[in-house]
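*Asks:* Dropping in run_7.cif, with mmCIF, C-alpha atoms and all ligand atoms.
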```
data_my_file
loop_
_atom_site.label_atom_id
_atom_site.label_comp_id
_atom_site.auth_asym_id
_atom_site.auth_seq_id
_atom_site.Cartn_x
_atom_site.Cartn_y
_atom_site.Cartn_z
CA MET P 99 -41.42 37.75 -23.89
CA THR P 100 -39.39 34.71 -22.99
CA THR P 101 -39.44 32.14 -25.77
CA PRO P 102 -40.47 28.56 -24.89
CA GLN P 103 -36.94 27.40 -25.72
CA ALA P 104 -35.31 29.80 -23.28
CA PRO P 105 -33.45 28.03 -20.46
CA THR P 106 -35.13 28.13 -17.06
CA ARG P 107 -33.87 30.97 -14.97
CA HIS P 108 -33.15 30.52 -11.26
CA ALA P 109 -33.60 32.91 -8.34
CA GLU P 110 -32.36 32.70 -4.76
CA VAL P 111 -34.42 34.90 -2.44
CA ALA P 112 -33.54 35.95 1.12
CA GLY P 113 -36.44 36.52 3.52
CA ALA P 114 -39.97 35.09 3.47
CA GLY P 115 -41.87 38.23 4.43
CA PHE P 116 -44.52 39.83 2.25
CA ALA P 117 -42.10 41.06 -0.42
CA GLY P 118 -40.14 37.79 -0.51
CA LEU P 119 -43.18 35.56 -0.83
CA THR P 120 -44.70 37.85 -3.45
CA VAL P 121 -41.65 38.12 -5.70
CA SER P 122 -40.95 34.37 -5.36
CA THR P 123 -44.52 33.50 -6.35
CA ALA P 124 -44.58 35.93 -9.28
CA LEU P 125 -41.29 34.55 -10.66
CA ALA P 126 -42.26 30.90 -10.19
CA GLN P 127 -45.55 31.55 -11.98
CA ARG P 128 -43.49 32.88 -14.88
CA GLY P 129 -41.41 29.73 -15.14
CA TRP P 130 -38.46 30.54 -12.90
CA THR P 131 -37.17 28.05 -10.35
CA VAL P 132 -37.11 29.82 -7.01
CA ARG P 133 -35.58 28.98 -3.65
CA LEU P 134 -36.70 31.18 -0.78
CA HIS P 135 -34.63 31.28 2.41
CA GLU P 136 -36.20 32.13 5.76
CA GLN P 137 -33.98 32.58 8.79
CA ASN P 138 -36.71 31.57 11.26
CA ASP P 139 -37.68 27.96 11.76
CA GLU P 140 -41.24 28.64 10.71
CA VAL P 141 -42.81 30.47 7.80
CA ARG P 142 -45.15 32.76 9.65
CA ASP P 143 -45.79 36.37 10.49
CA PHE P 144 -45.80 37.88 13.96
CA GLY P 145 -47.31 41.20 12.94
CA ALA P 146 -50.74 42.61 13.68
CA GLY P 147 -52.95 44.01 10.91
CA ILE P 148 -52.62 45.74 7.59
CA LEU P 149 -54.56 47.82 5.10
CA LEU P 150 -54.15 46.78 1.49
CA TRP P 151 -54.90 49.63 -0.85
CA ARG P 152 -55.96 49.40 -4.47
CA ASN P 153 -52.37 49.41 -5.71
CA ALA P 154 -51.50 46.32 -3.68
CA MET P 155 -54.80 44.52 -4.33
CA LEU P 156 -54.30 44.88 -8.07
CA SER P 157 -50.80 43.42 -7.85
CA LEU P 158 -52.12 40.62 -5.65
CA GLU P 159 -54.78 39.95 -8.29
CA VAL P 160 -51.94 39.38 -10.76
CA ILE P 161 -50.53 36.53 -8.63
CA GLY P 162 -54.01 35.18 -7.83
CA VAL P 163 -54.04 35.95 -4.09
CA ALA P 164 -56.47 38.89 -3.97
CA LYS P 165 -59.60 36.75 -4.15
CA SER P 166 -58.82 34.98 -0.89
CA ILE P 167 -57.92 38.32 0.71
CA ARG P 168 -61.34 39.64 -0.25
CA GLU P 169 -62.87 36.53 1.32
CA HIS P 170 -60.84 36.46 4.53
CA GLY P 171 -60.40 40.18 5.07
CA LEU P 172 -62.79 43.04 5.64
CA LEU P 173 -63.79 45.92 3.39
CA PRO P 174 -64.08 49.01 5.61
CA ASP P 175 -66.93 51.39 4.78
CA TYR P 176 -64.93 54.50 5.64
CA TYR P 177 -61.64 55.78 6.87
CA GLU P 178 -62.71 58.21 9.53
CA THR P 179 -60.48 60.56 11.48
CA SER P 180 -61.46 61.61 14.98
CA LEU P 181 -59.63 64.39 16.86
CA ASN P 182 -60.42 64.73 20.57
CA GLY P 183 -63.56 62.68 20.03
CA VAL P 184 -64.85 64.86 17.20
CA SER P 185 -65.03 63.43 13.71
CA VAL P 186 -62.98 65.75 11.52
CA SER P 187 -63.51 63.83 8.29
CA PRO P 188 -65.46 60.73 7.54
CA GLU P 189 -63.63 59.76 4.38
CA LEU P 190 -63.15 57.12 1.71
CA PRO P 191 -66.69 55.79 1.27
CA GLY P 192 -66.54 53.15 -1.43
CA TYR P 193 -62.78 53.05 -1.83
CA PRO P 194 -61.60 49.53 -2.82
CA TYR P 195 -59.24 48.63 0.04
CA TRP P 196 -59.13 45.71 2.43
CA ALA P 197 -58.10 45.19 6.04
CA ILE P 198 -56.69 41.84 7.08
CA GLY P 199 -54.63 40.28 9.86
CA ARG P 200 -50.97 40.08 8.89
CA PRO P 201 -50.67 36.40 9.93
CA THR P 202 -53.62 35.58 7.64
CA LEU P 203 -52.18 37.54 4.71
CA HIS P 204 -48.82 35.88 5.24
CA ALA P 205 -50.37 32.39 5.29
CA LEU P 206 -52.23 33.12 2.04
CA LEU P 207 -49.02 34.31 0.37
CA ALA P 208 -47.06 31.31 1.64
CA ALA P 209 -49.73 28.95 0.26
CA ALA P 210 -49.55 30.72 -3.12
CA ALA P 211 -45.76 30.41 -3.13
CA ARG P 212 -45.92 26.68 -2.47
CA ASP P 213 -48.64 26.23 -5.09
CA ALA P 214 -46.41 28.02 -7.61
CA GLY P 215 -43.58 25.59 -6.84
CA VAL P 216 -41.35 27.86 -4.73
CA GLU P 217 -38.97 25.88 -2.56
CA ILE P 218 -39.01 27.40 0.93
CA VAL P 219 -36.04 26.63 3.17
CA THR P 220 -36.43 27.54 6.85
CA GLY P 221 -33.60 28.10 9.32
CA SER P 222 -31.51 29.51 6.47
CA ARG P 223 -30.05 32.97 7.06
CA ALA P 224 -28.59 35.10 4.31
CA VAL P 225 -25.54 37.17 5.17
CA GLY P 226 -24.90 38.81 1.82
CA ALA P 227 -24.98 38.66 -1.94
CA ASP P 228 -22.39 38.57 -4.69
CA PRO P 229 -23.44 40.79 -7.61
CA ALA P 230 -21.87 38.21 -9.94
CA GLY P 231 -24.83 36.01 -9.04
CA ALA P 232 -24.76 34.20 -5.68
CA LEU P 233 -26.47 34.34 -2.33
CA LEU P 234 -24.19 33.96 0.69
CA LEU P 235 -25.59 32.03 3.65
CA ALA P 236 -24.70 32.02 7.34
CA ASP P 237 -23.55 28.39 7.11
CA GLY P 238 -20.77 29.54 4.76
CA SER P 239 -22.35 28.28 1.57
CA ARG P 240 -22.56 30.28 -1.63
CA VAL P 241 -25.55 29.47 -3.83
CA PRO P 242 -25.42 30.63 -7.44
CA ALA P 243 -28.42 32.15 -9.21
CA ASP P 244 -29.35 34.16 -12.27
CA LEU P 245 -30.90 36.63 -9.87
CA VAL P 246 -30.36 37.09 -6.12
CA ILE P 247 -33.12 38.95 -4.30
CA GLY P 248 -32.80 40.56 -0.87
CA THR P 249 -36.22 40.77 0.75
CA ASP P 250 -34.70 40.62 4.21
CA GLY P 251 -36.31 43.70 5.70
CA ALA P 252 -35.24 47.12 6.93
CA GLY P 253 -32.01 45.73 8.43
CA SER P 254 -31.19 43.81 5.23
CA ALA P 255 -27.88 41.94 5.31
CA VAL P 256 -28.09 41.45 1.54
CA ARG P 257 -28.33 45.20 1.00
CA ASN P 258 -25.57 45.98 3.49
CA SER P 259 -23.22 43.63 1.65
CA LEU P 260 -23.63 45.42 -1.68
CA SER P 261 -21.18 48.32 -1.77
CA ALA P 262 -22.71 49.80 -4.93
CA LEU P 263 -25.91 50.53 -3.02
CA THR P 264 -25.91 53.74 -1.00
CA GLN P 265 -28.38 54.27 1.79
CA GLU P 266 -29.81 57.12 3.82
CA ARG P 267 -31.46 55.99 7.03
CA LYS P 268 -33.51 58.13 9.36
CA LYS P 269 -35.37 57.52 12.61
CA TYR P 270 -38.37 59.49 13.82
CA ASN P 271 -39.80 60.49 17.18
CA ASP P 272 -42.99 58.51 16.97
CA GLY P 273 -43.43 54.81 17.37
CA VAL P 274 -46.29 52.40 17.45
CA CYS P 275 -47.39 49.36 19.46
CA ARG P 276 -49.44 47.07 17.26
CA VAL P 277 -51.71 44.28 18.45
CA LEU P 278 -54.18 41.91 16.88
CA ILE P 279 -57.01 40.93 19.24
CA TYR P 280 -60.37 39.26 19.48
CA ARG P 281 -62.93 41.88 18.56
CA PRO P 282 -65.16 42.70 21.56
CA GLU P 283 -68.95 42.85 21.12
CA GLU P 284 -68.89 46.56 22.00
CA VAL P 285 -67.07 47.38 18.77
CA ARG P 286 -69.00 45.27 16.29
CA GLY P 287 -71.93 46.19 14.10
CA GLU P 288 -72.43 48.52 11.21
CA GLN P 289 -71.17 51.75 12.77
CA TRP P 290 -67.87 50.04 13.62
CA ASN P 291 -67.27 48.61 10.14
CA ARG P 292 -64.75 51.30 9.42
CA VAL P 293 -61.21 52.37 10.05
CA ILE P 294 -61.21 54.99 12.79
CA ASP P 295 -58.10 57.01 13.44
CA PHE P 296 -58.56 58.33 17.01
CA TRP P 297 -56.17 61.21 17.69
CA THR P 298 -55.34 63.34 20.71
CA LEU P 299 -52.47 65.84 20.56
CA GLU P 300 -52.52 67.33 24.09
CA PRO P 301 -50.45 67.27 26.22
CA ASP P 302 -48.60 64.96 23.85
CA ALA P 303 -49.60 62.94 20.80
CA MET P 304 -51.36 59.68 21.59
CA ARG P 305 -53.42 57.98 18.97
CA ILE P 306 -55.25 54.72 18.49
CA LEU P 307 -55.79 53.47 14.98
CA PHE P 308 -58.79 51.14 15.01
CA ILE P 309 -58.97 48.68 12.12
CA PRO P 310 -61.40 45.75 12.10
CA THR P 311 -59.70 42.98 10.13
CA ALA P 312 -62.49 40.38 10.32
CA ALA P 313 -65.93 40.01 11.96
CA ASP P 314 -64.21 38.75 15.12
CA GLN P 315 -60.75 40.28 14.81
CA LEU P 316 -59.40 43.75 15.47
CA TYR P 317 -56.09 45.42 14.73
CA LEU P 318 -55.12 48.27 17.04
CA ALA P 319 -52.10 50.52 16.59
CA PHE P 320 -51.13 52.64 19.62
CA MET P 321 -48.98 55.53 18.50
CA SER P 322 -47.06 57.74 20.87
CA GLU P 323 -43.98 59.91 21.20
CA LEU P 324 -40.61 58.52 22.20
CA GLY P 325 -40.48 60.31 25.55
CA ASN P 326 -43.77 58.84 26.73
CA GLU P 327 -42.38 55.67 28.31
CA ARG P 328 -45.65 54.29 29.60
CA ALA P 329 -47.42 54.66 26.26
CA MET P 330 -44.62 52.73 24.51
CA ARG P 331 -44.91 49.69 26.79
CA ILE P 332 -45.73 46.20 25.61
CA PRO P 333 -48.12 44.81 26.69
CA VAL P 334 -50.16 47.95 26.26
CA ASP P 335 -50.58 49.98 29.47
CA VAL P 336 -54.34 49.74 29.92
CA GLU P 337 -54.54 52.58 32.46
CA VAL P 338 -52.65 55.19 30.49
CA TRP P 339 -54.47 54.46 27.21
CA SER P 340 -57.97 54.12 28.73
CA GLU P 341 -57.54 57.49 30.42
CA ARG P 342 -57.02 59.12 27.02
CA PHE P 343 -59.58 57.03 25.13
CA PRO P 344 -62.30 56.08 27.68
CA HIS P 345 -64.83 55.05 25.01
CA LEU P 346 -62.38 52.38 23.74
CA ALA P 347 -61.83 50.87 27.20
CA PRO P 348 -63.15 47.34 26.36
CA ALA P 349 -60.81 47.01 23.39
CA ILE P 350 -57.87 48.52 25.29
CA ALA P 351 -58.42 46.05 28.14
CA LEU P 352 -58.16 43.17 25.65
CA ALA P 353 -55.09 44.73 24.04
CA GLY P 354 -53.47 44.83 27.50
CA LYS P 355 -53.94 41.06 27.78
CA ALA P 356 -52.82 40.28 24.24
CA ALA P 357 -49.84 38.00 23.86
CA GLY P 358 -47.04 39.19 21.62
CA GLY P 359 -47.39 42.67 20.25
CA ARG P 360 -44.44 44.85 19.44
CA HIS P 361 -43.26 48.44 19.48
CA ASP P 362 -41.72 49.82 16.31
CA ARG P 363 -40.11 53.18 15.97
CA TYR P 364 -40.81 54.93 12.68
CA GLN P 365 -37.86 54.74 10.33
CA THR P 366 -36.99 55.19 6.69
CA ASN P 367 -34.15 53.94 4.54
CA LYS P 368 -33.65 55.14 1.05
CA VAL P 369 -31.44 52.92 -1.09
CA THR P 370 -29.96 53.95 -4.44
CA PRO P 371 -29.92 52.14 -6.80
CA TRP P 372 -31.99 49.04 -6.02
CA SER P 373 -29.73 46.59 -7.78
CA ASP P 374 -26.12 45.74 -8.53
CA GLY P 375 -25.38 43.21 -11.25
CA ARG P 376 -27.41 40.09 -10.47
CA ALA P 377 -28.41 41.24 -6.97
CA VAL P 378 -31.52 43.28 -6.21
CA VAL P 379 -33.35 44.48 -3.10
CA VAL P 380 -37.15 44.64 -2.77
CA GLY P 381 -39.52 45.78 -0.01
CA ASP P 382 -38.30 47.24 3.30
CA ALA P 383 -34.72 46.31 2.38
CA ALA P 384 -35.00 48.92 -0.38
CA HIS P 385 -37.46 51.47 0.96
CA ALA P 386 -38.64 51.12 4.57
CA MET P 387 -41.00 54.00 5.25
CA CYS P 388 -43.07 55.62 7.98
CA PRO P 389 -46.48 53.95 8.21
CA ALA P 390 -48.58 57.12 7.88
CA LEU P 391 -49.81 56.20 4.39
CA GLY P 392 -50.31 52.56 5.32
CA GLN P 393 -48.19 51.77 2.27
CA GLY P 394 -44.97 50.17 3.57
CA ALA P 395 -45.80 46.57 2.69
CA SER P 396 -48.05 47.51 -0.22
CA THR P 397 -45.35 49.36 -2.17
CA GLY P 398 -43.10 46.33 -1.63
CA ILE P 399 -45.79 44.00 -2.98
CA VAL P 400 -46.34 46.24 -6.02
CA ASN P 401 -42.60 46.41 -6.72
CA ALA P 402 -42.22 42.64 -6.28
CA VAL P 403 -44.86 41.80 -8.89
CA ASP P 404 -43.58 44.36 -11.36
CA LEU P 405 -40.02 43.06 -10.98
CA ALA P 406 -41.18 39.65 -12.22
CA HIS P 407 -43.11 41.32 -15.02
CA ALA P 408 -40.11 43.40 -16.16
CA LEU P 409 -37.93 40.27 -16.18
CA ASP P 410 -40.49 38.73 -18.53
CA GLN P 411 -40.36 41.67 -20.90
CA THR P 412 -36.71 41.25 -21.83
CA ASP P 413 -34.08 38.57 -21.41
CA ASP P 414 -31.47 41.26 -20.82
CA LEU P 415 -31.22 41.29 -17.03
CA ALA P 416 -29.63 44.73 -16.73
CA ALA P 417 -32.26 46.21 -19.04
CA ALA P 418 -35.10 44.58 -17.09
CA LEU P 419 -33.79 45.86 -13.75
CA ALA P 420 -33.37 49.37 -15.16
CA LEU P 421 -36.86 49.33 -16.66
CA TRP P 422 -38.35 48.12 -13.38
CA GLU P 423 -36.58 50.69 -11.23
CA ALA P 424 -37.52 53.51 -13.61
CA ARG P 425 -41.18 52.46 -13.41
CA GLU P 426 -41.41 51.91 -9.66
CA ARG P 427 -38.96 54.30 -8.03
CA PRO P 428 -40.84 57.56 -8.58
CA MET P 429 -43.99 56.35 -6.81
CA THR P 430 -41.96 54.62 -4.11
CA ASP P 431 -39.82 57.68 -3.37
CA ALA P 432 -42.93 59.86 -3.33
CA ALA P 433 -44.70 57.52 -0.89
CA GLN P 434 -41.64 57.49 1.34
CA ALA P 435 -41.27 61.26 1.36
CA ARG P 436 -44.99 61.85 1.90
CA SER P 437 -45.33 59.35 4.71
CA ALA P 438 -42.32 60.91 6.48
CA TYR P 439 -43.81 64.38 6.07
CA MET P 440 -47.18 63.19 7.35
CA ALA P 441 -45.59 61.47 10.34
CA GLU P 442 -43.50 64.54 11.21
CA THR P 443 -46.35 67.03 10.90
CA ARG P 444 -49.07 64.65 12.20
CA THR P 445 -51.27 66.01 9.48
CA LEU P 446 -53.35 62.79 9.60
CA ALA P 447 -54.85 64.14 12.85
CA LYS P 448 -56.57 66.82 10.82
CA GLY P 449 -58.00 64.31 8.37
CA ASN P 450 -55.52 65.25 5.67
CA GLY P 451 -54.83 61.66 4.72
CA PHE P 452 -56.73 61.61 1.45
CA THR P 453 -55.79 64.61 -0.57
CA PRO P 454 -55.45 63.85 -4.29
CA GLU P 455 -51.66 63.94 -3.86
CA VAL P 456 -51.80 61.37 -1.08
CA MET P 457 -54.14 59.11 -3.05
CA GLN P 458 -51.57 58.87 -5.83
CA THR P 459 -49.83 55.97 -4.08
CA ALA P 460 -53.06 54.08 -3.38
CA ASN P 461 -54.23 54.60 -6.96
CA PHE P 462 -50.94 53.68 -8.61
CA VAL P 463 -51.34 50.92 -11.17
CA SER P 464 -48.17 49.02 -11.95
CA ALA P 465 -47.27 47.94 -15.47
CA ALA P 466 -47.83 44.31 -14.43
CA VAL P 467 -51.59 44.90 -14.06
CA PRO P 468 -53.73 44.19 -17.14
CA PRO P 469 -56.65 46.58 -17.83
CA GLU P 470 -59.35 43.97 -17.12
CA LEU P 471 -58.09 43.62 -13.54
CA GLU P 472 -57.92 47.38 -13.10
CA ALA P 473 -61.57 47.64 -14.10
CA MET P 474 -62.52 45.35 -11.19
CA TYR P 475 -61.51 48.09 -8.74
CA PRO P 476 -63.23 51.34 -9.66
CA VAL P 477 -62.10 54.43 -7.73
CA PRO P 478 -64.87 56.70 -6.41
CA GLU P 479 -64.82 60.16 -7.97
CA ALA P 480 -63.85 61.81 -4.67
CA ASN P 481 -60.70 59.70 -4.34
CA ARG P 482 -59.26 60.15 -7.80
CA SER P 483 -55.78 61.58 -7.77
N1 LIG R 501 -51.86 53.57 8.66
C1 LIG R 501 -51.81 52.27 8.96
C2 LIG R 501 -51.04 51.83 10.02
O1 LIG R 501 -51.01 50.53 10.33
C3 LIG R 501 -50.31 52.76 10.81
C4 LIG R 501 -50.36 54.11 10.43
C5 LIG R 501 -51.17 54.45 9.35
C6 LIG R 501 -52.60 51.30 8.16
C7 LIG R 501 -49.55 52.30 11.98
O2 LIG R 501 -48.77 51.24 11.73
O3 LIG R 501 -49.68 56.33 10.74
O4 LIG R 501 -48.85 54.90 12.09
C8 LIG R 501 -49.58 55.17 11.13
#
```
Could you express the structure from this file as structure tokens?

*Replies:*
Amino acid sequence: MTTPQAPTRHAEVAGAGFAGLTVSTALAQRGWTVRLHEQNDEVRDFGAGILLWRNAMLSLEVIGVAKSIREHGLLPDYYETSLNGVSVSPELPGYPYWAIGRPTLHALLAAAARDAGVEIVTGSRAVGADPAGALLLADGSRVPADLVIGTDGAGSAVRNSLSALTQERKKYNDGVCRVLIYRPEEVRGEQWNRVIDFWTLEPDAMRILFIPTAADQLYLAFMSELGNERAMRIPVDVEVWSERFPHLAPAIALAGKAAGGRHDRYQTNKVTPWSDGRAVVVGDAAHAMCPALGQGASTGIVNAVDLAHALDQTDDLAAALALWEARERPMTDAAQARSAYMAETRTLAKGNGFTPEVMQTANFVSAAVPPELEAMYPVPEANRS
């Protein structure tokens, strides 16, 4: 534990995404001064929707954000998998996980960061880090810090500048168009209060992941193979998707009219180690993964909160970083390997998303989580890992 007399420690953080906001908030709440740089002119998220599993919700409880997620988001009754219109596994009744729009989640995290005293600087792009303890900015300035944190995403400039960090990157053949839309009347009501993973595999894989994120909001992910040009289009090609999924036509029509939206190809990057001297990478910068487990952002959030916790456990920076990586890397590597395997084999189409092995990531409890919080989120017997 840090003694009250200990000098205030200072962090410079690059990238105000989920990992950046979370780590900044967790450090500021523990007495650090934190400056968070965002390259865009606004602090906002342009993504669609997200599932937050128990592991992430517990970590978000630690920084006091989970309550508002429970209020603004939606608790799905089930995660159901449907193959060619036939339900192959209604699963996860009673599992404590929440669906929420990414812009909403981001706004809640940004509010928590400001409340904690984090200074957020927009229009400030990081180009690298000095392991001796400085963040390097695009305007040529060099800002010193006790700890420099790269939360600048899968293409991380901070990571790429650190020669001690090795990386393996891989791209996959599937990609996904994600949209957040107004939820049509046709897909409201009790029987639609669930995640439904609609798969077809013939003649090629096309899948719609249906996730209600609020009473009036719906997240749709349209997954397809790289060769299927029409299915990869943004805005979503209403004709080609409605032909495959006629019963979802009203939602697909709205998705076709949705502004924004994006296509992302599945990719992973494995970085070893996660830190060099006073510089560390967190989130997609350290471990971008395929989305099959729905754990990309969540593992980053878990790692971000535990990093702050580890730094509170000892004043020896190198020891804290080593402790943190030893605690978080095994579950992170396992999630990355499993999600890549699941994406490559498309085993989710068979409803194989919730084997005890797979649930290990969702059920992971980081060292930062006190037992009384853990008890708030009981895991149903069927989903224990
Ligand atoms: N799960 C979630 C998700 O958003 C996606 C996948 C699985 C929550 C798509 O981004 O397998 O592609 C997936």

*Asks:* Measuring atom to atom with only C-alpha atoms, identify which of P:Glu189, P:Glu327, P:Glu442, P:Asp431 is nearest to Asp272 of chain P.

*Replies:* P:Glu442

*Asks:* Write out as a list in words each polymer residue whose atoms come within 6 Å of Arg305 of chain P, counting all atoms listed in the file; drop sequence neighbours fewer than 4 positions from it.

*Replies:*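 After dropping sequence-adjacent residues, the list is Phe296, Trp297, Thr298, Phe320 and Met321 of chain P.
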
*Asks:* Would you export the selected residues with C-alpha atoms as a CSV table (one decimal), in the coordinates of the input, please?

*Replies:*
```
chain,number,residue,atom,x,y,z
P,296,PHE,CA,-58.6,58.3,17.0
P,297,TRP,CA,-56.2,61.2,17.7
P,298,THR,CA,-55.3,63.3,20.7
P,320,PHE,CA,-51.1,52.6,19.6
P,321,MET,CA,-49.0,55.5,18.5
```

*Asks:* Please identify the residues whose atoms come within 8 Å of ligand LIG 501 (chain R), using only C-alpha atoms and all ligand atoms, and report them as a ChimeraX atom specification.

*Replies:* /P:147-149,273-274,276,307,309,319-321,388-393,441,446

*Asks:* So that I have them on file, write out the residues from the current selection with C-alpha atoms, as a PDB file, keeping the file's coordinate frame.

*Replies:*
```
ATOM      1  CA  GLY P 147     -52.950  44.010  10.910  1.00  0.00           C
ATOM      2  CA  ILE P 148     -52.620  45.740   7.590  1.00  0.00           C
ATOM      3  CA  LEU P 149     -54.560  47.820   5.100  1.00  0.00           C
ATOM      4  CA  GLY P 273     -43.430  54.810  17.370  1.00  0.00           C
ATOM      5  CA  VAL P 274     -46.290  52.400  17.450  1.00  0.00           C
ATOM      6  CA  ARG P 276     -49.440  47.070  17.260  1.00  0.00           C
ATOM      7  CA  LEU P 307     -55.790  53.470  14.980  1.00  0.00           C
ATOM      8  CA  ILE P 309     -58.970  48.680  12.120  1.00  0.00           C
ATOM      9  CA  ALA P 319     -52.100  50.520  16.590  1.00  0.00           C
ATOM     10  CA  PHE P 320     -51.130  52.640  19.620  1.00  0.00           C
ATOM     11  CA  MET P 321     -48.980  55.530  18.500  1.00  0.00           C
ATOM     12  CA  CYS P 388     -43.070  55.620   7.980  1.00  0.00           C
ATOM     13  CA  PRO P 389     -46.480  53.950   8.210  1.00  0.00           C
ATOM     14  CA  ALA P 390     -48.580  57.120   7.880  1.00  0.00           C
ATOM     15  CA  LEU P 391     -49.810  56.200   4.390  1.00  0.00           C
ATOM     16  CA  GLY P 392     -50.310  52.560   5.320  1.00  0.00           C
ATOM     17  CA  GLN P 393     -48.190  51.770   2.270  1.00  0.00           C
ATOM     18  CA  ALA P 441     -45.590  61.470  10.340  1.00  0.00           C
ATOM     19  CA  LEU P 446     -53.350  62.790   9.600  1.00  0.00           C
TER      20      LEU P 446
END
```

*Asks:* Do a neighbour search on segment 277-285 of chain P at 8 Å with all atoms listed in the file, toss out local chain neighbours closer than 6 positions, and write the hits as a PyMOL selection string.

*Replies:* chain P and resi 145-147+199+310+313-319+348-349+352-353+356+358-360

*Asks:* Could you take the residues named above and write them with C-alpha atoms, as an mmCIF file, keeping the file's coordinate frame?

*Replies:*
```cif
data_model
loop_
_atom_site.group_PDB
_atom_site.id
_atom_site.type_symbol
_atom_site.label_atom_id
_atom_site.label_comp_id
_atom_site.auth_asym_id
_atom_site.auth_seq_id
_atom_site.Cartn_x
_atom_site.Cartn_y
_atom_site.Cartn_z
ATOM 1 C CA GLY P 145 -47.310 41.200 12.940
ATOM 2 C CA ALA P 146 -50.740 42.610 13.680
ATOM 3 C CA GLY P 147 -52.950 44.010 10.910
ATOM 4 C CA GLY P 199 -54.630 40.280 9.860
ATOM 5 C CA PRO P 310 -61.400 45.750 12.100
ATOM 6 C CA ALA P 313 -65.930 40.010 11.960
ATOM 7 C CA ASP P 314 -64.210 38.750 15.120
ATOM 8 C CA GLN P 315 -60.750 40.280 14.810
ATOM 9 C CA LEU P 316 -59.400 43.750 15.470
ATOM 10 C CA TYR P 317 -56.090 45.420 14.730
ATOM 11 C CA LEU P 318 -55.120 48.270 17.040
ATOM 12 C CA ALA P 319 -52.100 50.520 16.590
ATOM 13 C CA PRO P 348 -63.150 47.340 26.360
ATOM 14 C CA ALA P 349 -60.810 47.010 23.390
ATOM 15 C CA LEU P 352 -58.160 43.170 25.650
ATOM 16 C CA ALA P 353 -55.090 44.730 24.040
ATOM 17 C CA ALA P 356 -52.820 40.280 24.240
ATOM 18 C CA GLY P 358 -47.040 39.190 21.620
ATOM 19 C CA GLY P 359 -47.390 42.670 20.250
ATOM 20 C CA ARG P 360 -44.440 44.850 19.440
#
```

*Asks:* Quick one: distance from atom CA of Gly381 of chain P to atom CA of Ala117 of chain P in Å, one decimal?

*Replies:* 5.4 Å

*Asks:* List every protein, DNA or RNA residue that has an atom no more than 9 Å from (-40.5, 35.3, -10.5) in the file's coordinate frame, counting only C-alpha atoms, and report them as a CSV table (one decimal) with C-alpha atoms, in the coordinates of the input.

*Replies:*
```csv
chain,number,residue,atom,x,y,z
P,108,HIS,CA,-33.2,30.5,-11.3
P,109,ALA,CA,-33.6,32.9,-8.3
P,120,THR,CA,-44.7,37.8,-3.4
P,121,VAL,CA,-41.6,38.1,-5.7
P,122,SER,CA,-41.0,34.4,-5.4
P,123,THR,CA,-44.5,33.5,-6.4
P,124,ALA,CA,-44.6,35.9,-9.3
P,125,LEU,CA,-41.3,34.6,-10.7
P,126,ALA,CA,-42.3,30.9,-10.2
P,127,GLN,CA,-45.6,31.6,-12.0
P,128,ARG,CA,-43.5,32.9,-14.9
P,129,GLY,CA,-41.4,29.7,-15.1
P,130,TRP,CA,-38.5,30.5,-12.9
P,131,THR,CA,-37.2,28.0,-10.4
P,132,VAL,CA,-37.1,29.8,-7.0
P,402,ALA,CA,-42.2,42.6,-6.3
P,403,VAL,CA,-44.9,41.8,-8.9
P,405,LEU,CA,-40.0,43.1,-11.0
P,406,ALA,CA,-41.2,39.6,-12.2
P,407,HIS,CA,-43.1,41.3,-15.0
P,409,LEU,CA,-37.9,40.3,-16.2
P,410,ASP,CA,-40.5,38.7,-18.5
```

*Asks:* Tell me, as a PDB file with C-alpha atoms, in the coordinates of the input, which residues lie within 6 Å of Ala114 of chain P, counting only C-alpha atoms; anything in the same chain fewer than 2 positions away does not count.

*Replies:*
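Listed below is the output, result.pdb:
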```pdb
ATOM      1  CA  GLY P 118     -40.140  37.790  -0.510  1.00  0.00           C
ATOM      2  CA  LEU P 119     -43.180  35.560  -0.830  1.00  0.00           C
ATOM      3  CA  GLU P 136     -36.200  32.130   5.760  1.00  0.00           C
TER       4      GLU P 136
END
```

*Asks:* List the spatial neighbours of Ser222 of chain P as a list in words - criterion: any atom at most 9 Å away, all atoms listed in the file, same-chain residues fewer than 4 positions off excluded.

*Replies:*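 The residues that qualify are Ala112, His135, Glu136, Gln137, Asn138, Asp139, Leu235, Ala236 and Asp237 of chain P.
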
*Asks:* For Phe462 of chain P, please output as a PyMOL selection string all residues within 10 Å (counting only C-alpha atoms; exclusion window: fewer than 5 positions along the same chain).

*Replies:* chain P and resi 151-154+156+397+400+426+429+457+483

*Asks:* Emit the selected residues as a compact mmCIF listing (two decimals), in the coordinates of the input, including C-alpha atoms.

*Replies:*
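So the final result, stored in result_16.txt, reads:
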```
# COMPACT_ATOMS: atom_id res chain seq x y z
CA TRP P 151 -54.90 49.63 -0.85
CA ARG P 152 -55.96 49.40 -4.47
CA ASN P 153 -52.37 49.41 -5.71
CA ALA P 154 -51.50 46.32 -3.68
CA LEU P 156 -54.30 44.88 -8.07
CA THR P 397 -45.35 49.36 -2.17
CA VAL P 400 -46.34 46.24 -6.02
CA GLU P 426 -41.41 51.91 -9.66
CA MET P 429 -43.99 56.35 -6.81
CA MET P 457 -54.14 59.11 -3.05
CA SER P 483 -55.78 61.58 -7.77
```

*Asks:* What separation in Å, quoted to one decimal, exists between atom CA of Arg107 of chain P and atom CA of Ala230 of chain P?

*Replies:*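 Separating atom CA of Arg107 of chain P from atom CA of Ala230 of chain P is a distance of 14.9 Å.
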